[in-house]
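Visitor: Here it is, the structure in full.
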Amino acid sequence: MRATPAGSTGIVTAGALAAFLICGQPARAFTVNITAANPKAIYLQVGVGTFTGGNYNAGGTPGNNATINTVSVSVPAASVGNSVAQAMTTNSPQAISFYDGFTFCNLPAQVYIGGFYRNTTNTGAATVTATSPANLINGTGDTIPFTQISWTSSGNGDTGAQPFPSGTFVGGVQTIGTISRNQWAESCHTFSYSNTSIRPAGTYTGRVTYTLSSP
Amino acid sequence: MKMALRSVLALVTLTIVTGAVPAIAATFVVDDGASAPQESTALLRWRRFAPSRANDSNTLEGAMAVVVRLNLAPWTHRTGRVFLALPEQGTAPVRVSWTTQGRLLPGSIAPGNRVLVYAGPIATAVLEETLTLQIEADGSRLPNMQRLKFHFEIDVD
């Protein structure tokens with residue numbers, strides 16, 4: 001008759017012992033610290049760019065390309081200042097997206113603009129800005145306001161809003177678009193000269209600098 | 001009748017005591033205080049240098065070797081199963097896989113789990129092994145520094 005209660009007590013004791021051994025034994029553990037070696041990375045390409053080792057989807061990585069592409073138009077004398085916008089063309093050979101090699105832009109009408117933004121922490125999107133001077137200038141100092149140059153935005157096969165939408169230069173610093181964290185974004189810009197005023201003959205030039213800034 | 005009753009009681013007692021055995025053979029934390037990662041921090045790099053359009057390629061990866069020294073002295077000459085455990089730690093999703101030199105089993109683990117690394121007789125008081133850890137983490141959710149606290153457990157038969 002004593003065996004049963006003794007057995008029951010034994011169960012409780014054993015369970016309590018096991019619990020004690022798990023919880024009461026000094027905790028031992030090895031700790032591995034992990035951190036990102038390069039938590040942030042940005043890449044911006046306007047016009048021609050460089051990717052080595054194939055396109056992105058083949059494991060390629062971006063490289064530096066110092067080429068400055070041009071966008072230009074020659075306005076026929078009879079058309080100067082007639083307010084008919086003049087389509088501009090580029091010398092950029094970049095029609096494909098380095099994302100996958102797809103022919104994303106149409107040459108010579110469009111300039112590729114794309115890039116990516118890497119970050120392990122969420123501090124917001126990266127921003128692409130353009131800095132343009134107030135005017136294009138010819139050799140004798142005549143000017144055309146940079147506000148005469150606009151662009152539309154598209155991309156072969158794209159639907160919906162472009163990450164770098166249509167716009168007009170402001171002759172200063174302006175936002176061109178944003179790149180969300182850990183995403184690739186790209187558009188094709190088709191530039192035009194609004195041609196709303198008569199200007200002296202000449203070659204007018206000006207440089208726009210695009211900048212990608214991460215938070 | 002008394003004899004029959006005693007037999008029944010003995011059977012009940014035996015059953016209960018048998019049921020108690022797994023509790024006695026419950027899990028113990030193994031002293032691995034002499035274990036040491038060979039580097040203080042594992043540096044993880046983006047698996048894909050550039051992100052995708054769809055924000056779906058954010059894996060960070062890296063490796064680290066850890067020399068583990070398990071103090072199995074309390075269970076020598078018994079049999080048991082040793083597990084590597086990685087408790088939930090409220091951190092970014094990670095997955096750790098490892099290879100060994102053969103004394104422990106290779107495997108992989110995610111937080112909140114334990115994985116068998118040894119089963120059989122405990123023949124030595126100290127088991128030393130080098131684990132080469134391959135660590136993957138969600139790069140979109142990794143804080144500046146994250147600590148992964150592993151430990152070993154043993155179920156003794």
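Chain labels A, B, ... are given in the sequence in which chains occur in the structure tokens; within each chain residues are numbered consecutively from 1, and ligands are likewise numbered from 1 in the order shown.
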At a cut-off of 7 Å, which residues of chain B touch chain A? Count only C-alpha atoms and give the answer as a VMD selection string.

Guide: chain B and resid 9 13 16 to 17 20 23 to 24 26 to 33 35 to 37 40 to 45 48 to 55 139 to 151

Visitor: Give me the residues near segment 94-97 of chain B as number ranges by chain, where near means some atom within 10 Å (using only C-alpha atoms) and where sequence neighbours in that chain fewer than 3 positions away do not count.

Guide: B: 59-63, 86, 91, 106-111, 131-139, 142, 148

Visitor: Kindly export the residues of the current selection with N, CA and C atoms, as a PDB file, in the first residue's frame.

Guide:
```pdb
ATOM      1  N   THR B  59      19.640  39.341 -48.467  1.00  0.00           N
ATOM      2  CA  THR B  59      20.348  38.433 -47.580  1.00  0.00           C
ATOM      3  C   THR B  59      21.787  38.889 -47.351  1.00  0.00           C
ATOM      4  N   LEU B  60      22.137  38.925 -46.078  1.00  0.00           N
ATOM      5  CA  LEU B  60      23.528  39.125 -45.697  1.00  0.00           C
ATOM      6  C   LEU B  60      24.088  37.769 -45.312  1.00  0.00           C
ATOM      7  N   GLU B  61      25.359  37.538 -45.604  1.00  0.00           N
ATOM      8  CA  GLU B  61      25.934  36.252 -45.264  1.00  0.00           C
ATOM      9  C   GLU B  61      27.383  36.404 -44.843  1.00  0.00           C
ATOM     10  N   GLY B  62      27.807  35.488 -44.029  1.00  0.00           N
ATOM     11  CA  GLY B  62      29.189  35.496 -43.564  1.00  0.00           C
ATOM     12  C   GLY B  62      29.495  34.193 -42.859  1.00  0.00           C
ATOM     13  N   ALA B  63      30.729  34.040 -42.450  1.00  0.00           N
ATOM     14  CA  ALA B  63      31.160  32.792 -41.825  1.00  0.00           C
ATOM     15  C   ALA B  63      32.016  33.080 -40.610  1.00  0.00           C
ATOM     16  N   LEU B  86      19.529  27.419 -30.240  1.00  0.00           N
ATOM     17  CA  LEU B  86      19.592  28.870 -30.472  1.00  0.00           C
ATOM     18  C   LEU B  86      18.241  29.435 -30.073  1.00  0.00           C
ATOM     19  N   THR B  91      15.427  39.093 -32.553  1.00  0.00           N
ATOM     20  CA  THR B  91      16.326  39.826 -33.449  1.00  0.00           C
ATOM     21  C   THR B  91      15.900  39.617 -34.896  1.00  0.00           C
ATOM     22  N   PRO B 106      26.904  17.964 -38.725  1.00  0.00           N
ATOM     23  CA  PRO B 106      26.600  19.265 -39.324  1.00  0.00           C
ATOM     24  C   PRO B 106      25.091  19.498 -39.304  1.00  0.00           C
ATOM     25  N   GLY B 107      24.689  20.712 -39.558  1.00  0.00           N
ATOM     26  CA  GLY B 107      23.261  21.004 -39.566  1.00  0.00           C
ATOM     27  C   GLY B 107      22.999  22.469 -39.788  1.00  0.00           C
ATOM     28  N   SER B 108      21.774  22.842 -39.549  1.00  0.00           N
ATOM     29  CA  SER B 108      21.402  24.251 -39.640  1.00  0.00           C
ATOM     30  C   SER B 108      20.308  24.518 -38.623  1.00  0.00           C
ATOM     31  N   ILE B 109      20.188  25.780 -38.247  1.00  0.00           N
ATOM     32  CA  ILE B 109      19.276  26.118 -37.167  1.00  0.00           C
ATOM     33  C   ILE B 109      18.753  27.533 -37.357  1.00  0.00           C
ATOM     34  N   ALA B 110      17.544  27.742 -36.917  1.00  0.00           N
ATOM     35  CA  ALA B 110      16.953  29.077 -36.859  1.00  0.00           C
ATOM     36  C   ALA B 110      16.597  29.346 -35.401  1.00  0.00           C
ATOM     37  N   PRO B 111      16.485  30.595 -35.005  1.00  0.00           N
ATOM     38  CA  PRO B 111      16.172  30.897 -33.605  1.00  0.00           C
ATOM     39  C   PRO B 111      14.892  30.199 -33.147  1.00  0.00           C
ATOM     40  N   LEU B 131      33.311  24.137 -35.182  1.00  0.00           N
ATOM     41  CA  LEU B 131      32.155  24.378 -36.037  1.00  0.00           C
ATOM     42  C   LEU B 131      32.474  25.557 -36.947  1.00  0.00           C
ATOM     43  N   THR B 132      32.277  25.361 -38.231  1.00  0.00           N
ATOM     44  CA  THR B 132      32.394  26.478 -39.164  1.00  0.00           C
ATOM     45  C   THR B 132      30.985  26.940 -39.483  1.00  0.00           C
ATOM     46  N   LEU B 133      30.660  28.093 -38.951  1.00  0.00           N
ATOM     47  CA  LEU B 133      29.298  28.601 -39.071  1.00  0.00           C
ATOM     48  C   LEU B 133      29.137  29.403 -40.352  1.00  0.00           C
ATOM     49  N   GLN B 134      28.072  29.153 -41.069  1.00  0.00           N
ATOM     50  CA  GLN B 134      27.647  29.979 -42.193  1.00  0.00           C
ATOM     51  C   GLN B 134      26.385  30.696 -41.730  1.00  0.00           C
ATOM     52  N   ILE B 135      26.448  31.994 -41.684  1.00  0.00           N
ATOM     53  CA  ILE B 135      25.362  32.777 -41.097  1.00  0.00           C
ATOM     54  C   ILE B 135      24.668  33.581 -42.186  1.00  0.00           C
ATOM     55  N   GLU B 136      23.354  33.498 -42.200  1.00  0.00           N
ATOM     56  CA  GLU B 136      22.546  34.312 -43.106  1.00  0.00           C
ATOM     57  C   GLU B 136      21.598  35.152 -42.271  1.00  0.00           C
ATOM     58  N   ALA B 137      21.452  36.398 -42.631  1.00  0.00           N
ATOM     59  CA  ALA B 137      20.541  37.285 -41.914  1.00  0.00           C
ATOM     60  C   ALA B 137      19.782  38.148 -42.901  1.00  0.00           C
ATOM     61  N   ASP B 138      18.616  38.584 -42.472  1.00  0.00           N
ATOM     62  CA  ASP B 138      17.808  39.483 -43.292  1.00  0.00           C
ATOM     63  C   ASP B 138      18.416  40.878 -43.221  1.00  0.00           C
ATOM     64  N   GLY B 139      19.027  41.296 -44.298  1.00  0.00           N
ATOM     65  CA  GLY B 139      19.723  42.575 -44.305  1.00  0.00           C
ATOM     66  C   GLY B 139      18.820  43.779 -44.199  1.00  0.00           C
ATOM     67  N   LEU B 142      18.507  43.971 -40.029  1.00  0.00           N
ATOM     68  CA  LEU B 142      19.624  43.730 -39.117  1.00  0.00           C
ATOM     69  C   LEU B 142      20.045  45.026 -38.437  1.00  0.00           C
ATOM     70  N   LEU B 148      24.096  36.463 -31.232  1.00  0.00           N
ATOM     71  CA  LEU B 148      23.451  35.154 -31.300  1.00  0.00           C
ATOM     72  C   LEU B 148      24.014  34.314 -30.157  1.00  0.00           C
TER      73      LEU B 148
END
```

Visitor: Any idea what the distance is between atom CA of Pro93 of chain A and atom CA of Asn156 of chain A?

Guide: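 Value for the atom CA of Pro93 of chain A-atom CA of Asn156 of chain A distance: 15.9 Å.
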